[in-house]
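J.: The structure is given below, and queries will be raised subsequently.
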Amino acid sequence: MNRKVGPRWALVVFLVLAIYPLFPAFDGWFFSATARSLGAQMPTLFIFAILAMGLNLVVGNVGLLHLGIAAFFGIGAYTMGILTVPAYPFEIGFWLALPCGIAAAAAVGLFIGVPTLRLRGDYLALVTLGFGEVVRFTLKNLDAITAGTRSLVPVPPPATPILTVDWLQDFRPFYYLTLGFLVIVYWMLGSLERSKLGRAWVAVREDELAASCMGLNVSRLKLSAFICSAGIAGLAGGLYASTITSTAQPDAYDFNRSIFLLCCLILGGLGSRNGVLLGVFLLYGFDQILSPIVDEKLQLAYGAPIRREFLGIPISAQMQTFAGWRLFLFGVVLIVMMRYRPSGLIPNDRIKEELPPDPDARPATK
Amino acid sequence: MAAILTIDKLRAGYGPIDALHDVSLTVEAGEIVAMIGANGAGKTSTLMSVSGVLKARAGSIRFQGQDIAKLPAHQIVKLGLAQSPEGRKIFPRLTVLENLQMGAFTRNDAPGIAADIEKAFAMFPILKERRGQAGGLLSGGQQQMLAIARALMARPKLLMLDEPSLGLAPQIVVQIFDVIKDLNKAGMSILLVEQNARMALRVAHRGYVLETGRVTMSDAADKLLVDPRVRAAYLGE
């Protein structure tokens with residue numbers, strides 16, 4: 001029963017998202033104070049949702065702690081950049097570069113996965129963490145190829161041979177492009193979860209020993225999930241570079257990004273696609289959309305800054321804004337979640353049985 | 001009768017320690033062989049070596065004439081060797097049906113798998129009743145039935161059972177051992193590891209006694225049952 005409710009809700013959400021840009025008046029009414037368009041922010045949100053679902057495959061479904069997803073995201077973005085910017089002779093365009101980015105990220109996933117997936121638990125987390133930092137520093141210091149901190153510009157929008165599309169002024173083309181990819185990834189991961197491979201991943205998470213007694217090739221299964229997630233991250237990276245028309249700075253692919261995505265998974269519900277969507281919408285929505293709006297409104301109402309010191313202690317410039325408090329708020333939210341709802345806002349059906357929301361309501365076993 | 005499994009001078013262990021020093025045993029086709037011994041004698045390690053989960057350091061393991069000591073675990077299951085591991089190890093968050101499907105992971109014949117699931121349900125009707133429930137919600141006895149049924153889903157030629165009576169009520173133990181006897185009557189070769197030596201030797205044709213990683217005795221099961229040393233050490237008399 002429960003399993004039927006989940007996908008339907010997602011369908012409603014996707015439908016609302018699909019028709020939303022057709023009502024520009026709504027946009028202006030809601031955000032008149034800020035001159036910002038909500039729609040213009042959404043493509044990035046969709047891209048991070050794709051990235052989070054890729055991460056969820058490894059962390060939620062197979063139960064491996066992966067702390068370096070941002071590196072694969074970066075590899076996808078830089079592959080897109082190198083293959084499309086005018087500074088390089090390739091300029092093969094978005095549609096060819098996107099699969100190249102997926103393949104590059106997946107290949108690096110294979111390369112890093114083969115030796116490390118035999119490690120267990122904490123060791124794998126350390127390797128992926130280290131790998132993420134290695135990639136970031138490589139991007140930064142390999143100036144001749146990646147242009148270092150200047151980043152590769154301009155990454156062109158996708159070519160559309162029949163239609164004439166205004167990619168730069170109108171937010172809607174990228175909105176629908178990224179939403180389309182999000183729906184595809186969501187749907188593909190859903191059918192993957194229900195497949196034989198998906199069940200095998202769950203079996204590996206539950207009990208590796210029993211899984212290998214059943215004839216499951218545990219290390220191959222882990223590797224396949226790791227590569228899939230790297231490929232999805234590469235896809236997200238390619239879309240990201242095209243959407244923001246640059247590869248962004250290497251620091252956009254740092255450890256914070258990986259941890260932030262992990263927070264989205266934990267908040268929304270590990271292993272549950274709907275939960276992951278909700279987690280991304282809440283955390284990134286708060287971070288990228290809500291907090292800038294609140295700051296602008298505060299500034300309009302009170303003039304900035306509000307106070308420079310508190311009880312005689314000077315407040316740093318960052319902490320004088322609402323946005324400056326966001327990491328503090330995330331920390332509080334995570335602690336509250338862990339205490340009261342450790343399986344997330346929309347728990348995975350399978351995990352729900354192990355972690356009931358109320359610890360006292362745990363069914364008596366045996 | 002031909003030997004289906006021959007273990008010769010097997011040595012295996014964990015880290016710097018050898019758990020098995022010198023284990024040799026054979027299982028003939030159509031036979032139930034019981035391995036008995038105290039905790040830490042090496043019974044589970046022997047099964048794990050045969051399954052390929054624990055790598056053999058020396059000696060040979062031949063299954064139907066083929067040396068499997070160096071094969072990875074997932075290929076050994078394909079050859080027809082399935083294990084129901086100690087402590088049942090069912091997948092608690094997969095449903096009963098999904099647990100059974102997991103047992104058939106190495107197979108690709110969908111109609112055959114569906115037929116075998118029906119067979120498993122015929123053997124254990126309670127599993128059919130609870131097919132949609134998570135495995136972790138079953139009782140201990142039901143979980144053991146599920147573990148055996150899941151191992152059978154690989155269509156093994158040799159079934160290895162590790163402590164099927166562990167933690168079960170005496171009536172359930174009798175029921176489980178009846179199932180083992182019935183399976184054997186239908187032609188299944190079984191290698192059985194048990195702490196409950198009396199039950200094991202009653203259903204088995206032959207038995208091996210393991211002590212600290214070595215086979216110290218081997219004989220027909222009914223002879224071991226009356227052997228004074230076995231009676232003193234394992235049957236509590």
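Going through the structure tokens in order, the chains are called A, B, and so on, while each chain numbers its residues from 1 and the ligands are numbered from 1 in the order shown.
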Can you check which residues of chain A have any atom within 7 Å of chain B? Use only C-alpha atoms and format it as a PyMOL selection string.

T.: chain A and resi 203+206-207+210+212-217+350+366

J.: Pull the alpha helix (DSSP H) assignments for stretch 55-123 of chain A out of DSSP run on the backbone, and list those residues as a count of residues only.

T.: 44

J.: List as a PyMOL selection string the protein and nucleic acid residues near B:Val193, meaning an atom at most 9 Å away when only C-alpha atoms are counted, but skip any in the same chain fewer than 5 places from it.

T.: chain B and resi 33-37+43-44+47+160-164+200

J.: Those same residues, written as a CSV table (one decimal), in the first residue's frame with all heavy atoms?

T.:
chain,number,residue,atom,x,y,z
B,33,VAL,N,25.9,-35.9,6.0
B,33,VAL,CA,27.1,-36.0,6.8
B,33,VAL,C,27.0,-34.9,7.8
B,33,VAL,O,26.7,-33.7,7.5
B,33,VAL,CB,28.3,-35.8,5.9
B,33,VAL,CG1,29.6,-35.6,6.8
B,33,VAL,CG2,28.5,-36.9,5.0
B,34,ALA,N,27.2,-35.3,9.1
B,34,ALA,CA,27.1,-34.3,10.2
B,34,ALA,C,28.5,-34.0,10.7
B,34,ALA,O,29.4,-34.9,10.7
B,34,ALA,CB,26.3,-34.9,11.3
B,35,MET,N,28.8,-32.8,10.9
B,35,MET,CA,30.0,-32.3,11.5
B,35,MET,C,29.7,-31.8,12.9
B,35,MET,O,28.9,-30.9,13.1
B,35,MET,CB,30.6,-31.2,10.7
B,35,MET,CG,32.0,-31.4,10.1
B,35,MET,SD,32.8,-29.9,9.6
B,35,MET,CE,31.7,-29.5,8.2
B,36,ILE,N,30.3,-32.5,13.9
B,36,ILE,CA,30.0,-32.0,15.3
B,36,ILE,C,31.3,-31.6,16.0
B,36,ILE,O,32.4,-31.9,15.5
B,36,ILE,CB,29.2,-33.1,16.1
B,36,ILE,CG1,30.1,-34.4,16.2
B,36,ILE,CG2,27.9,-33.4,15.5
B,36,ILE,CD1,29.5,-35.4,17.2
B,37,GLY,N,31.1,-30.8,17.0
B,37,GLY,CA,32.3,-30.4,17.7
B,37,GLY,C,31.9,-29.2,18.6
B,37,GLY,O,30.8,-28.6,18.4
B,43,LYS,N,34.0,-25.8,12.7
B,43,LYS,CA,32.9,-26.3,11.9
B,43,LYS,C,32.4,-25.2,10.9
B,43,LYS,O,32.3,-25.5,9.7
B,43,LYS,CB,31.7,-26.7,12.8
B,43,LYS,CG,32.0,-27.7,13.9
B,43,LYS,CD,30.8,-28.1,14.6
B,43,LYS,CE,30.1,-27.0,15.4
B,43,LYS,NZ,30.8,-26.4,16.5
B,44,THR,N,32.1,-24.0,11.4
B,44,THR,CA,31.7,-23.0,10.5
B,44,THR,C,32.8,-22.6,9.5
B,44,THR,O,32.5,-22.3,8.3
B,44,THR,CB,31.2,-21.8,11.3
B,44,THR,OG1,30.1,-22.2,12.1
B,44,THR,CG2,30.8,-20.6,10.4
B,47,LEU,N,32.7,-24.8,6.6
B,47,LEU,CA,31.7,-24.5,5.6
B,47,LEU,C,32.0,-23.2,4.8
B,47,LEU,O,31.8,-23.2,3.6
B,47,LEU,CB,30.3,-24.3,6.3
B,47,LEU,CG,29.7,-25.6,6.9
B,47,LEU,CD1,28.2,-25.3,7.2
B,47,LEU,CD2,29.8,-26.8,6.0
B,160,MET,N,24.5,-27.1,2.4
B,160,MET,CA,25.2,-27.0,3.6
B,160,MET,C,24.4,-26.3,4.6
B,160,MET,O,24.0,-25.1,4.4
B,160,MET,CB,26.6,-26.4,3.4
B,160,MET,CG,27.4,-27.1,2.5
B,160,MET,SD,29.1,-26.5,2.4
B,160,MET,CE,28.8,-25.0,1.5
B,161,LEU,N,24.1,-26.9,5.8
B,161,LEU,CA,23.3,-26.2,6.8
B,161,LEU,C,24.2,-26.0,8.0
B,161,LEU,O,24.8,-26.9,8.6
B,161,LEU,CB,22.1,-27.1,7.2
B,161,LEU,CG,21.2,-27.5,6.1
B,161,LEU,CD1,20.1,-28.5,6.5
B,161,LEU,CD2,20.5,-26.2,5.5
B,162,ASP,N,24.3,-24.7,8.5
B,162,ASP,CA,25.1,-24.4,9.6
B,162,ASP,C,24.2,-24.1,10.8
B,162,ASP,O,23.4,-23.1,10.8
B,162,ASP,CB,25.9,-23.1,9.3
B,162,ASP,CG,27.1,-23.0,10.3
B,162,ASP,OD1,27.1,-23.7,11.3
B,162,ASP,OD2,28.0,-22.2,10.0
B,163,GLU,N,24.2,-25.0,11.8
B,163,GLU,CA,23.4,-24.9,13.0
B,163,GLU,C,22.0,-24.6,12.8
B,163,GLU,O,21.4,-23.5,13.2
B,163,GLU,CB,24.0,-23.7,13.8
B,163,GLU,CG,25.5,-23.9,14.2
B,163,GLU,CD,25.7,-24.6,15.5
B,163,GLU,OE1,24.7,-25.1,16.1
B,163,GLU,OE2,26.8,-24.7,15.9
B,164,PRO,N,21.2,-25.4,12.1
B,164,PRO,CA,19.8,-25.1,11.8
B,164,PRO,C,19.0,-25.1,13.1
B,164,PRO,O,17.9,-24.6,13.1
B,164,PRO,CB,19.4,-26.2,10.8
B,164,PRO,CG,20.4,-27.3,11.0
B,164,PRO,CD,21.7,-26.7,11.4
B,200,ALA,N,21.8,-34.3,15.3
B,200,ALA,CA,22.5,-34.4,14.0
B,200,ALA,C,22.9,-35.8,13.7
B,200,ALA,O,22.7,-36.3,12.6
B,200,ALA,CB,23.7,-33.5,14.1

J.: Extract, using only C-alpha atoms, all DNA, RNA and protein residues at most 8 Å from stretch 169-184 of chain B, discarding same-chain residues fewer than 5 positions from it, and format them as a list in words.

T.: Gly30, Glu31, Ile32, Gly141, Met145, Pro164, Ser189, Ile190, Met199 and Val203 of chain B

J.: Write a file of the selected residues as a tab-separated table (two decimals), in the first residue's frame, keeping N, CA and C atoms.

T.:
chain	number	residue	atom	x	y	z
B	30	GLY	N	23.94	-38.20	-2.13
B	30	GLY	CA	22.76	-38.74	-1.48
B	30	GLY	C	22.90	-38.97	0.01
B	31	GLU	N	23.95	-38.45	0.59
B	31	GLU	CA	24.25	-38.73	1.98
B	31	GLU	C	24.00	-37.50	2.86
B	32	ILE	N	23.68	-37.74	4.14
B	32	ILE	CA	23.74	-36.64	5.11
B	32	ILE	C	24.99	-36.87	5.95
B	141	GLY	N	11.85	-19.82	14.17
B	141	GLY	CA	11.65	-21.06	13.42
B	141	GLY	C	11.31	-20.78	11.97
B	145	MET	N	13.27	-21.75	8.49
B	145	MET	CA	12.64	-22.37	7.32
B	145	MET	C	12.95	-21.54	6.07
B	164	PRO	N	21.25	-25.42	12.05
B	164	PRO	CA	19.83	-25.11	11.81
B	164	PRO	C	18.99	-25.11	13.09
B	189	SER	N	22.04	-34.22	-1.24
B	189	SER	CA	23.19	-34.46	-0.37
B	189	SER	C	23.30	-33.29	0.60
B	190	ILE	N	23.57	-33.60	1.87
B	190	ILE	CA	23.55	-32.54	2.88
B	190	ILE	C	24.78	-32.64	3.78
B	199	MET	N	20.79	-34.85	17.83
B	199	MET	CA	19.87	-34.70	16.72
B	199	MET	C	20.59	-34.93	15.40
B	203	VAL	N	19.96	-38.10	12.36
B	203	VAL	CA	19.52	-38.03	10.96
B	203	VAL	C	20.64	-38.36	9.99

J.: Could you check the closest approach to A:Leu327 for each of A:Asn274, A:Ser224, A:Asn256, A:Asn141 and tell me which residue wins, using only C-alpha atoms?

T.: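 Smallest separation from A:Leu327 among the options: A:Asn256.
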
J.: Counting only C-alpha atoms, which of B:Leu191, B:Ile17, B:Leu168, B:Leu100 gets nearest to B:Gln144?

T.: B:Leu168

J.: Please give the complete set of residues from stretch 1-131 of chain B that DSSP, run on the backbone, assigns to strand (DSSP E or B), formatted as a VMD selection string.

T.: chain B and resid 3 to 14 17 to 28 32 to 37 56 to 63 66 to 67 81 to 84 95

J.: For stretch 120-135 of chain A, please output as a PyMOL selection string all residues within 12 Å (counting only C-alpha atoms; exclusion window: fewer than 6 positions along the same chain).

T.: chain A and resi 58-59+62-76+78+105+108-109+111-114+141-142+146+205+208+218-219+222+226+230+250-259

J.: Using only C-alpha atoms, find the one residue out of B:Asn196, B:Asn39, B:Thr46, B:Ser165 that sits nearest to B:Val215.

T.: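 Ranked by minimum distance to B:Val215, first place goes to B:Thr46.
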
J.: Restricting the calculation to only C-alpha atoms: of A:Phe260, A:Cys228, A:Ala301, A:Phe137, which residue gets closest to A:Tyr284?

T.: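 The shortest atom-to-atom distance to A:Tyr284 comes from A:Phe260.
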